[in-house]
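File shown here: structure_13.txt, holding compact mmCIF, C-alpha atoms.
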# COMPACT_ATOMS: atom_id res chain seq x y z
CA MET F 1 44.72 -11.61 -1.88
CA THR F 2 42.44 -14.61 -2.18
CA TYR F 3 39.92 -15.45 0.53
CA ASN F 4 38.93 -19.10 0.74
CA SER F 5 35.55 -20.02 2.14
CA SER F 6 33.02 -22.81 2.11
CA LEU F 7 31.55 -21.18 -1.00
CA ASP F 8 34.64 -22.17 -3.00
CA SER F 9 33.52 -25.79 -3.32
CA PHE F 10 29.94 -24.58 -3.78
CA CYS F 11 30.95 -22.45 -6.77
CA GLY F 12 34.06 -24.13 -8.08
CA SER F 13 36.02 -20.88 -7.72
CA THR F 14 37.12 -18.44 -5.04
CA PHE F 15 34.39 -16.23 -3.63
CA TRP F 16 36.58 -13.12 -3.44
CA ASP F 17 39.97 -12.44 -5.01
CA SER F 18 41.43 -8.99 -4.33
CA ASN F 19 44.08 -9.48 -6.99
CA LEU F 20 41.32 -9.98 -9.55
CA THR F 21 39.04 -7.23 -8.27
CA TRP F 22 41.08 -4.44 -6.69
CA TYR F 23 44.82 -4.73 -7.29
CA THR F 24 44.59 -4.70 -11.06
CA ASP F 25 44.21 -2.38 -14.03
CA ASN F 26 41.36 -4.49 -15.41
CA PRO F 27 39.02 -5.22 -12.48
CA ASP F 28 36.59 -8.10 -12.51
CA LEU F 29 34.59 -10.14 -10.02
CA SER F 30 34.98 -13.86 -9.50
CA PRO F 31 32.31 -16.13 -11.05
CA CYS F 32 31.39 -17.30 -7.55
CA PHE F 33 30.71 -13.75 -6.38
CA GLN F 34 28.62 -13.07 -9.48
CA LYS F 35 26.50 -16.21 -9.12
CA THR F 36 25.92 -15.93 -5.38
CA PHE F 37 26.18 -12.48 -3.81
CA LEU F 38 25.05 -10.49 -6.87
CA VAL F 39 22.06 -12.81 -7.28
CA TRP F 40 21.07 -13.45 -3.68
CA VAL F 41 21.19 -9.82 -2.51
CA PRO F 42 18.60 -8.43 -5.00
CA CYS F 43 16.40 -11.50 -4.57
CA GLY F 44 16.72 -11.37 -0.79
CA PHE F 45 15.74 -7.71 -0.86
CA MET F 46 12.67 -8.59 -2.91
CA TRP F 47 11.49 -11.23 -0.44
CA LEU F 48 11.98 -8.93 2.55
CA ALA F 49 10.61 -5.76 0.96
CA ALA F 50 7.61 -7.63 -0.45
CA LEU F 51 6.06 -7.09 2.98
CA VAL F 52 5.71 -3.41 2.05
CA ASP F 53 3.68 -4.31 -1.02
CA VAL F 54 1.63 -6.75 1.03
CA TYR F 55 0.83 -3.91 3.43
CA HIS F 56 -0.31 -1.66 0.56
CA ILE F 57 -2.41 -4.47 -0.91
CA VAL F 58 -4.08 -5.37 2.38
CA SER F 59 -4.78 -1.74 3.34
CA SER F 60 -6.04 -0.74 -0.12
CA LYS F 61 -9.69 0.28 -0.39
CA GLU F 62 -9.54 0.24 -4.18
CA GLY F 63 -9.51 -2.49 -6.76
CA ASN F 64 -9.76 -3.72 -10.31
CA ILE F 65 -7.29 -1.79 -12.42
CA PRO F 66 -8.37 -2.52 -16.01
CA TRP F 67 -6.10 -4.60 -18.20
CA ASN F 68 -4.00 -2.35 -20.42
CA LYS F 69 -0.81 -2.39 -22.45
CA LEU F 70 1.35 -1.58 -19.43
CA ASN F 71 0.28 -4.29 -16.98
CA ILE F 72 -0.11 -6.88 -19.75
CA SER F 73 3.44 -6.12 -20.93
CA LYS F 74 4.74 -6.46 -17.37
CA LEU F 75 3.03 -9.81 -16.97
CA VAL F 76 4.19 -11.16 -20.34
CA ILE F 77 7.83 -10.16 -19.83
CA ALA F 78 7.86 -11.47 -16.26
CA LEU F 79 6.47 -14.79 -17.50
CA SER F 80 9.15 -14.81 -20.20
CA LEU F 81 11.79 -14.41 -17.51
CA VAL F 82 10.26 -17.33 -15.60
CA VAL F 83 10.31 -19.52 -18.71
CA LEU F 84 13.93 -18.51 -19.33
CA GLN F 85 14.96 -19.56 -15.82
CA ILE F 86 13.16 -22.87 -16.21
CA LEU F 87 15.09 -23.46 -19.45
CA ASN F 88 18.33 -22.52 -17.68
CA LEU F 89 17.62 -25.03 -14.92
CA ILE F 90 16.83 -27.77 -17.45
CA LEU F 91 19.97 -27.03 -19.48
CA VAL F 92 22.16 -26.96 -16.36
CA THR F 93 20.76 -30.33 -15.30
CA TYR F 94 21.38 -31.74 -18.76
CA ALA F 95 24.89 -30.25 -19.01
CA SER F 96 25.86 -31.71 -15.63
CA SER F 97 25.61 -35.18 -17.15
CA ASN F 98 28.55 -34.33 -19.40
CA GLU F 99 31.86 -34.42 -17.54
CA GLU F 100 33.37 -31.89 -19.97
CA ASN F 101 31.07 -29.21 -18.57
CA LYS F 102 32.14 -28.00 -15.14
CA ILE F 103 28.84 -27.59 -13.32
CA TYR F 104 28.70 -26.76 -9.62
CA ASP F 105 25.94 -26.32 -7.05
CA ALA F 106 25.89 -22.55 -7.58
CA ASP F 107 24.91 -23.13 -11.21
CA PHE F 108 21.78 -24.96 -10.00
CA TYR F 109 20.85 -22.52 -7.25
CA GLU F 110 21.15 -19.41 -9.41
CA PRO F 111 18.16 -20.18 -11.70
CA VAL F 112 16.16 -21.61 -8.79
CA VAL F 113 16.54 -18.45 -6.69
CA LYS F 114 15.71 -16.24 -9.66
CA LEU F 115 12.75 -18.44 -10.60
CA LEU F 116 11.16 -18.28 -7.14
CA THR F 117 11.74 -14.52 -6.90
CA LEU F 118 10.27 -13.86 -10.34
CA MET F 119 7.19 -15.88 -9.41
CA LEU F 120 6.84 -13.64 -6.35
CA CYS F 121 7.08 -10.59 -8.64
CA ILE F 122 4.32 -11.96 -10.87
CA THR F 123 2.13 -12.55 -7.81
CA ILE F 124 2.66 -8.96 -6.65
CA ILE F 125 1.95 -7.58 -10.13
CA CYS F 126 -1.34 -9.48 -10.30
CA TYR F 127 -2.43 -8.51 -6.79
CA ASN F 128 -1.47 -4.87 -7.36
CA ARG F 129 -3.79 -4.81 -10.35
CA LYS F 130 -6.55 -6.59 -8.44
CA TYR F 131 -6.39 -4.25 -5.44
CA GLY F 132 -5.80 -0.99 -7.28
CA VAL F 133 -2.12 -0.35 -6.44
CA MET F 134 -0.90 1.72 -9.39
CA THR F 135 2.84 1.77 -8.58
CA SER F 136 5.30 -0.38 -6.67
CA GLY F 137 8.48 1.14 -5.32
CA VAL F 138 9.64 -2.32 -4.24
CA LEU F 139 9.51 -3.71 -7.78
CA PHE F 140 11.15 -0.53 -9.11
CA ILE F 141 14.11 -0.95 -6.73
CA PHE F 142 14.27 -4.71 -7.36
CA TRP F 143 14.62 -4.34 -11.13
CA LEU F 144 17.18 -1.56 -10.62
CA LEU F 145 19.19 -3.79 -8.28
CA LEU F 146 19.11 -6.62 -10.83
CA ILE F 147 20.45 -4.26 -13.50
CA LEU F 148 23.28 -2.96 -11.31
CA ALA F 149 24.15 -6.37 -9.88
CA GLY F 150 24.06 -7.93 -13.35
CA LEU F 151 26.51 -5.50 -14.95
CA PRO F 152 29.66 -7.40 -13.85
CA GLN F 153 28.34 -10.70 -15.22
CA LEU F 154 27.24 -8.98 -18.44
CA ARG F 155 30.76 -7.63 -18.89
CA THR F 156 32.25 -11.05 -18.12
CA GLU F 157 29.96 -12.79 -20.62
CA ILE F 158 30.82 -10.31 -23.38
CA VAL F 159 34.59 -10.26 -22.73
CA ASN F 160 34.92 -14.05 -22.40
CA TYR F 161 32.59 -14.97 -25.25
CA ASP F 162 34.12 -17.43 -27.70
CA PRO F 163 32.17 -18.33 -30.87
CA ASN F 164 34.05 -21.64 -31.01
CA SER F 165 33.11 -22.67 -27.48
CA SER F 166 30.79 -25.54 -26.59
CA GLY F 167 27.07 -25.41 -27.18
CA TYR F 168 26.34 -24.98 -23.47
CA ALA F 169 28.71 -21.99 -23.22
CA ARG F 170 27.08 -20.33 -26.23
CA TYR F 171 23.64 -20.93 -24.75
CA THR F 172 24.75 -19.41 -21.42
CA PHE F 173 25.91 -16.28 -23.24
CA ALA F 174 22.71 -15.93 -25.29
CA SER F 175 20.53 -16.69 -22.27
CA TYR F 176 22.12 -14.02 -20.13
CA ILE F 177 21.90 -11.39 -22.88
CA VAL F 178 18.18 -12.12 -23.27
CA TYR F 179 17.69 -12.14 -19.49
CA TYR F 180 19.47 -8.82 -19.00
CA THR F 181 17.52 -7.20 -21.84
CA LEU F 182 14.20 -8.33 -20.37
CA VAL F 183 15.20 -7.03 -16.93
CA ILE F 184 15.97 -3.61 -18.44
CA ILE F 185 12.56 -3.60 -20.14
CA MET F 186 10.87 -4.50 -16.85
CA PHE F 187 12.68 -1.63 -15.14
CA ILE F 188 11.54 0.80 -17.83
CA LEU F 189 7.94 -0.43 -17.49
CA SER F 190 8.11 0.00 -13.72
CA CYS F 191 8.90 3.68 -14.29
CA PHE F 192 5.27 4.25 -15.35
CA ALA F 193 2.16 4.28 -13.19
CA ASP F 194 -0.77 2.04 -14.05
CA LEU F 195 -4.26 3.28 -14.84
CA PRO F 196 -6.55 4.36 -11.98
CA PRO F 197 -8.71 1.57 -10.52
CA THR F 198 -12.35 1.34 -11.53
CA ASP F 199 -13.57 0.23 -8.09
CA SER F 200 -12.60 3.10 -5.82
CA PRO F 201 -14.30 5.27 -3.19
CA TYR F 202 -12.14 8.13 -4.42
CA THR F 203 -12.38 10.24 -7.56
CA TYR F 204 -9.62 10.63 -10.13
CA ASP F 205 -9.98 13.85 -12.11
CA LYS F 206 -7.89 16.88 -13.01
CA ALA F 207 -8.84 18.64 -9.78
CA GLN F 208 -7.20 15.91 -7.69
CA SER F 209 -3.55 15.98 -6.74
CA PRO F 210 -1.42 14.16 -9.35
CA GLU F 211 0.70 12.65 -6.58
CA LYS F 212 -1.54 9.59 -6.25
CA ARG F 213 -1.32 8.90 -9.99
CA SER F 214 2.41 9.62 -10.25
CA SER F 215 5.06 7.03 -11.03
CA VAL F 216 7.93 6.06 -8.75
CA PRO F 217 10.53 8.27 -10.55
CA SER F 218 8.06 11.16 -10.40
CA GLU F 219 7.66 10.67 -6.65
CA LEU F 220 11.43 10.44 -6.14
CA THR F 221 12.14 13.61 -8.13
CA PHE F 222 8.96 15.41 -6.99
CA SER F 223 8.23 16.16 -10.66
CA TRP F 224 4.48 15.63 -10.15
CA PHE F 225 4.58 19.01 -8.37
CA ASP F 226 6.05 20.82 -11.41
CA PRO F 227 2.70 21.95 -12.93
CA LEU F 228 1.86 23.90 -9.79
CA VAL F 229 5.33 25.46 -9.72
CA LEU F 230 5.01 26.51 -13.38
CA THR F 231 1.61 28.02 -12.67
CA GLY F 232 3.09 29.99 -9.78
CA PHE F 233 5.95 31.11 -12.01
CA ARG F 234 3.58 32.47 -14.67
CA ARG F 235 1.17 34.19 -12.28
CA SER F 236 0.17 34.47 -8.66
CA LEU F 237 -1.39 31.32 -7.30
CA LYS F 238 -5.05 31.37 -6.36
CA GLU F 239 -6.93 29.13 -3.98
CA GLU F 240 -8.53 27.21 -6.83
CA ASP F 241 -5.06 26.40 -8.20
CA LEU F 242 -4.21 24.32 -5.15
CA TRP F 243 -4.98 20.62 -5.16
CA PRO F 244 -7.09 19.08 -2.42
CA LEU F 245 -5.47 16.63 -0.03
CA ASN F 246 -5.11 13.04 -1.07
CA PRO F 247 -8.08 11.07 0.31
CA GLU F 248 -5.83 9.00 2.59
CA MET F 249 -4.55 12.18 4.26
CA THR F 250 -7.91 13.76 5.04
CA SER F 251 -9.39 13.74 8.54
CA LYS F 252 -12.24 11.62 7.18
CA GLU F 253 -9.77 8.76 6.68
CA VAL F 254 -7.22 9.44 9.43
CA VAL F 255 -9.47 10.17 12.42
CA PRO F 256 -11.37 6.83 12.32
CA ARG F 257 -8.07 4.95 12.31
CA PHE F 258 -6.83 6.96 15.28
CA GLU F 259 -10.11 6.57 17.17
CA LYS F 260 -10.05 2.80 16.69
CA TYR F 261 -6.75 2.46 18.55
CA TRP F 262 -7.71 5.17 21.05
CA GLN F 263 -10.90 3.34 21.99
CA ARG F 264 -8.93 0.13 22.31
CA ALA F 265 -6.47 1.84 24.68
CA SER F 266 -9.36 3.39 26.64
CA GLN F 267 -11.07 0.03 27.08
CA LYS F 268 -7.81 -1.55 28.17
CA ARG F 269 -7.24 1.21 30.72
CA ALA F 270 -10.83 0.96 32.03
CA LYS F 271 -10.51 -2.80 32.41
CA ALA F 272 -7.25 -2.40 34.30
CA ALA F 273 -8.83 0.23 36.57
CA ASP F 274 -11.79 -2.05 37.38
CA THR F 275 -9.47 -4.90 38.23
CA SER F 276 -7.41 -2.66 40.49
CA ALA F 277 -10.53 -1.34 42.24
CA SER F 278 -11.89 -4.83 42.91
CA THR F 279 -8.66 -5.90 44.59
CA ALA F 280 -8.22 -2.73 46.63
CA ASP F 281 -7.86 -2.89 50.37
CA ALA F 282 -11.32 -3.03 52.00
CA THR F 283 -10.07 -0.93 54.90
CA ALA F 284 -9.23 2.02 52.66
CA PRO F 285 -11.35 5.15 53.21
CA ILE F 286 -14.46 5.28 51.05
CA ASN F 287 -13.88 8.84 49.90
CA GLN F 288 -10.31 8.16 48.87
CA LYS F 289 -9.91 8.76 45.15
CA GLN F 290 -7.86 6.34 43.20
CA SER F 291 -5.34 8.01 40.95
CA THR F 292 -5.96 7.15 37.32
CA LYS F 293 -2.97 7.45 35.04
CA PRO F 294 -3.90 9.21 31.80
CA ILE F 295 -3.73 7.29 28.54
CA SER F 296 -0.49 7.85 26.67
CA ILE F 297 -1.05 9.11 23.16
CA LEU F 298 2.34 7.90 21.89
CA PRO F 299 1.44 4.17 21.62
CA VAL F 300 -1.80 5.11 19.88
CA LEU F 301 0.09 7.23 17.34
CA CYS F 302 2.59 4.41 16.80
CA LEU F 303 -0.21 1.93 16.13
CA THR F 304 -1.95 4.36 13.78
CA PHE F 305 1.07 5.62 11.85
CA GLY F 306 3.75 3.13 12.87
CA TYR F 307 4.52 2.01 9.32
CA HIS F 308 5.14 5.59 8.18
CA PHE F 309 7.25 6.35 11.26
CA LEU F 310 9.42 3.27 10.76
CA PHE F 311 9.97 4.02 7.10
CA ALA F 312 10.95 7.61 7.92
CA VAL F 313 13.37 6.38 10.60
CA PHE F 314 14.87 3.91 8.12
CA LEU F 315 15.50 6.68 5.57
CA LYS F 316 16.93 8.93 8.29
CA VAL F 317 19.37 6.23 9.40
CA ILE F 318 20.57 5.72 5.82
CA HIS F 319 20.99 9.48 5.40
CA ASP F 320 23.04 9.76 8.60
CA LEU F 321 25.24 6.82 7.62
CA LEU F 322 25.96 8.38 4.23
CA ILE F 323 27.08 11.57 5.98
CA PHE F 324 29.91 9.57 7.56
CA VAL F 325 30.74 7.84 4.27
CA SER F 326 31.43 11.05 2.31
CA PRO F 327 34.54 12.09 4.34
CA GLN F 328 35.98 8.60 3.94
CA LEU F 329 35.50 8.78 0.17
CA LEU F 330 37.08 12.23 0.12
CA GLU F 331 40.11 10.82 1.90
CA HIS F 332 40.41 8.10 -0.75
CA ILE F 333 40.09 10.69 -3.54
CA ILE F 334 42.94 12.74 -2.02
CA GLY F 335 45.03 9.59 -1.74
CA PHE F 336 44.23 8.71 -5.35
CA ILE F 337 45.41 12.13 -6.57
CA GLN F 338 48.67 11.81 -4.65
CA GLY F 339 49.27 8.19 -5.66
CA ASP F 340 49.55 6.22 -8.88
CA ASP F 341 46.49 3.97 -8.65
CA PRO F 342 44.66 2.92 -11.83
CA VAL F 343 42.32 5.49 -13.37
CA TRP F 344 39.21 3.35 -12.83
CA LYS F 345 39.54 3.81 -9.06
CA GLY F 346 39.25 7.57 -9.49
CA TYR F 347 36.03 7.14 -11.44
CA LEU F 348 34.76 4.76 -8.76
CA TYR F 349 35.44 7.25 -5.97
CA ALA F 350 33.88 10.12 -7.92
CA VAL F 351 30.70 8.19 -8.75
CA SER F 352 30.43 6.95 -5.16
CA MET F 353 30.79 10.51 -3.84
CA PHE F 354 28.10 11.70 -6.25
CA LEU F 355 25.69 8.94 -5.19
CA CYS F 356 26.24 9.71 -1.50
CA CYS F 357 25.36 13.36 -2.08
CA ILE F 358 22.10 12.65 -3.90
Turn the structure described in the file into structure tokens.
Amino acid sequence: MTYNSSLDSFCGSTFWDSNLTWYTDNPDLSPCFQKTFLVWVPCGFMWLAALVDVYHIVSSKEGNIPWNKLNISKLVIALSLVVLQILNLILVTYASSNEENKIYDADFYEPVVKLLTLMLCITIICYNRKYGVMTSGVLFIFWLLLILAGLPQLRTEIVNYDPNSSGYARYTFASYIVYYTLVIIMFILSCFADLPPTDSPYTYDKAQSPEKRSSVPSELTFSWFDPLVLTGFRRSLKEEDLWPLNPEMTSKEVVPRFEKYWQRASQKRAKAADTSASTADATAPINQKQSTKPISILPVLCLTFGYHFLFAVFLKVIHDLLIFVSPQLLEHIIGFIQGDDPVWKGYLYAVSMFLCCI
């Protein structure tokens, strides 16, 4: 089944074709879907989730991570991706002048969207180094999304490659292979944490918890905790084996933040009480005590730890939604076993079930 939309004229092909994607033994995605949805979704995520990195940068008390092989490599490869997208935009503009090349609006927007998003990534990489942010979960997820979303187009480019095709078609193939390779390298580099910042009120030594210096994969798998587990496996743990709290979690850091919002709430309540007292009825008894409603601690906690609460709620919502997805996938797996659908659907259901259970 083919679904026509306004994107058809934008791309020069149908946005979604079920006969091409689902009801077939050799599934593929339409070029329009590859150039729009699979490009805009990762880039849109990056622009929205960049607010998380902005929060970490603004709230950071550290700074000046020294230049090293890791952050220099990230910057060089990201700049290479920017140059590649600029070349793609120039070549698309040049190829559009030749009527033999079928160029549509989606071919122009694809490099532009990628170019702007990659420039945002470079900005975040530079500011992370300047303000002492050693890892970025947002960039890690962004590069992973680009890899996953780029797989269908990579397959299409390889399967449809023709050595005897036009020069523009050969360039498109070579350009995408280079682009995809650089994205994989960027993802690998994002799996490592940068060096500790030189300008920091905190200390970074072996006695400190390795959590703050851990990479994103290490935080996801909790592998930074393995040394303590191995120590406990070999012998009984002692008090000196335990790591101190991360500086951001100590009362020295948390209490001043809480007190700032508590004092603000207290001043607001006192001001409201004074206003109410000044407008009270003059005929009221002098010894009558005005009831003062106590300050609610919940808004103060939300202002102090609101970001962490919201992120936890977001993860909880995703977890609860995946609980409802698993039975649906199980139903499809049972139907696949009883039916005669192509084998690739069975692999798709199995992988989807595995991902939902992680």
12 Å contact set for region 47-55 of chain F, all atoms listed in the file, chain neighbours under 4 positions out, as a PyMOL selection string: chain F and resi 40-43+59-61+113-114+116-129+131-142+307-308+310-311
Please, could you write that set of residues out with C-alpha atoms as a PDB file, in the coordinates of the input?
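Below is the file that was written, part34.pdb:
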ATOM      1  CA  TRP F  40      21.070 -13.450  -3.680  1.00  0.00           C
ATOM      2  CA  VAL F  41      21.190  -9.820  -2.510  1.00  0.00           C
ATOM      3  CA  PRO F  42      18.600  -8.430  -5.000  1.00  0.00           C
ATOM      4  CA  CYS F  43      16.400 -11.500  -4.570  1.00  0.00           C
ATOM      5  CA  SER F  59      -4.780  -1.740   3.340  1.00  0.00           C
ATOM      6  CA  SER F  60      -6.040  -0.740  -0.120  1.00  0.00           C
ATOM      7  CA  LYS F  61      -9.690   0.280  -0.390  1.00  0.00           C
ATOM      8  CA  VAL F 113      16.540 -18.450  -6.690  1.00  0.00           C
ATOM      9  CA  LYS F 114      15.710 -16.240  -9.660  1.00  0.00           C
ATOM     10  CA  LEU F 116      11.160 -18.280  -7.140  1.00  0.00           C
ATOM     11  CA  THR F 117      11.740 -14.520  -6.900  1.00  0.00           C
ATOM     12  CA  LEU F 118      10.270 -13.860 -10.340  1.00  0.00           C
ATOM     13  CA  MET F 119       7.190 -15.880  -9.410  1.00  0.00           C
ATOM     14  CA  LEU F 120       6.840 -13.640  -6.350  1.00  0.00           C
ATOM     15  CA  CYS F 121       7.080 -10.590  -8.640  1.00  0.00           C
ATOM     16  CA  ILE F 122       4.320 -11.960 -10.870  1.00  0.00           C
ATOM     17  CA  THR F 123       2.130 -12.550  -7.810  1.00  0.00           C
ATOM     18  CA  ILE F 124       2.660  -8.960  -6.650  1.00  0.00           C
ATOM     19  CA  ILE F 125       1.950  -7.580 -10.130  1.00  0.00           C
ATOM     20  CA  CYS F 126      -1.340  -9.480 -10.300  1.00  0.00           C
ATOM     21  CA  TYR F 127      -2.430  -8.510  -6.790  1.00  0.00           C
ATOM     22  CA  ASN F 128      -1.470  -4.870  -7.360  1.00  0.00           C
ATOM     23  CA  ARG F 129      -3.790  -4.810 -10.350  1.00  0.00           C
ATOM     24  CA  TYR F 131      -6.390  -4.250  -5.440  1.00  0.00           C
ATOM     25  CA  GLY F 132      -5.800  -0.990  -7.280  1.00  0.00           C
ATOM     26  CA  VAL F 133      -2.120  -0.350  -6.440  1.00  0.00           C
ATOM     27  CA  MET F 134      -0.900   1.720  -9.390  1.00  0.00           C
ATOM     28  CA  THR F 135       2.840   1.770  -8.580  1.00  0.00           C
ATOM     29  CA  SER F 136       5.300  -0.380  -6.670  1.00  0.00           C
ATOM     30  CA  GLY F 137       8.480   1.140  -5.320  1.00  0.00           C
ATOM     31  CA  VAL F 138       9.640  -2.320  -4.240  1.00  0.00           C
ATOM     32  CA  LEU F 139       9.510  -3.710  -7.780  1.00  0.00           C
ATOM     33  CA  PHE F 140      11.150  -0.530  -9.110  1.00  0.00           C
ATOM     34  CA  ILE F 141      14.110  -0.950  -6.730  1.00  0.00           C
ATOM     35  CA  PHE F 142      14.270  -4.710  -7.360  1.00  0.00           C
ATOM     36  CA  TYR F 307       4.520   2.010   9.320  1.00  0.00           C
ATOM     37  CA  HIS F 308       5.140   5.590   8.180  1.00  0.00           C
ATOM     38  CA  LEU F 310       9.420   3.270  10.760  1.00  0.00           C
ATOM     39  CA  PHE F 311       9.970   4.020   7.100  1.00  0.00           C
TER      40      PHE F 311
END
List every residue of region 28-52 of chain F that has an atom at most 8 Å from any atom of region 91-111 of chain F, and for each one report the closest atom pair and its distance in Å to one decimal, counting all atoms listed in the file, with rows sorted by chain and then by increasing residue number, as a tab-separated table.
residue	atom	partner	partner_atom	distance
F:Cys32	CA	F:Ala106	CA	7.6
F:Lys35	CA	F:Glu110	CA	6.2
F:Thr36	CA	F:Ala106	CA	7.0
F:Val39	CA	F:Glu110	CA	7.0
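Take CA of Asn88 (chain F) and CA of Tyr180 (chain F): the distance between them is 13.8 Å.
Between Pro197 (chain F) and the candidates F:Ser166, F:Asn68, F:Thr172, F:Ser209, the tightest atom-to-atom separation, counting only C-alpha atoms, involves F:Asn68.
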Using only C-alpha atoms, which protein or nucleic acid residues come within 8 Å of Ala149 (chain F)? Drop anything in the same chain fewer than 2 positions from it, and give the result as a list in words.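 Listed by chain and then number, they are Leu38, Val39, Pro42, Leu145, Leu146, Ile147, Leu151 and Pro152 of chain F.
You will find CA of Ala265 (chain F) at 15.7 Å from CA of Gly306 (chain F).
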Nearest to Ser215 (chain F) among F:Pro196, F:Pro201, F:Pro327, F:Pro227, with distances taken over only C-alpha atoms: which residue is it?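 Ranking F:Pro196, F:Pro201, F:Pro327, F:Pro227 by distance to Ser215 (chain F), first place goes to F:Pro196.
CA of Gln263 (chain F) lies 26.4 Å from CA of Glu62 (chain F).
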Close residues, region 218-223 of chain F itself excluded, 9 Å, all atoms listed in the file, min 6 positions apart in chain, as a PDB file with C-alpha atoms, keeping the file's coordinate frame:
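around-v3.pdb, written as the output of this step:
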ATOM      1  CA  CYS F 191       8.900   3.680 -14.290  1.00  0.00           C
ATOM      2  CA  PHE F 192       5.270   4.250 -15.350  1.00  0.00           C
ATOM      3  CA  GLU F 211       0.700  12.650  -6.580  1.00  0.00           C
TER       4      GLU F 211
END
I need the residue nearest Phe324 (chain F) from this list: F:His56, F:Ile295, F:Cys356, F:Phe309. Use all atoms listed in the file for the distance.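 Checking each candidate against Phe324 (chain F), we get F:Cys356 as the closest.
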At a cut-off of 12 Å, using all atoms listed in the file, what residues contact Leu182 (chain F)? Leave out same-chain residues fewer than 2 positions from it and give the result as a list in words.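 The neighbour list is Ser73, Lys74, Leu75, Val76, Ile77, Ala78, Leu79, Ser80, Leu81, Val82, Val83, Leu84, Trp143, Leu146, Ile147, Ser175, Tyr176, Ile177, Val178, Tyr179, Tyr180, Ile184, Ile185, Met186, Phe187, Ile188 and Leu189 of chain F.
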Can you pull out the residues contacting Leu242 (chain F)? Cut-off 9 Å, using all atoms listed in the file, and skip same-chain residues under 4 positions away; I want them as a PyMOL selection string. chain F and resi 207+209+228+237-238
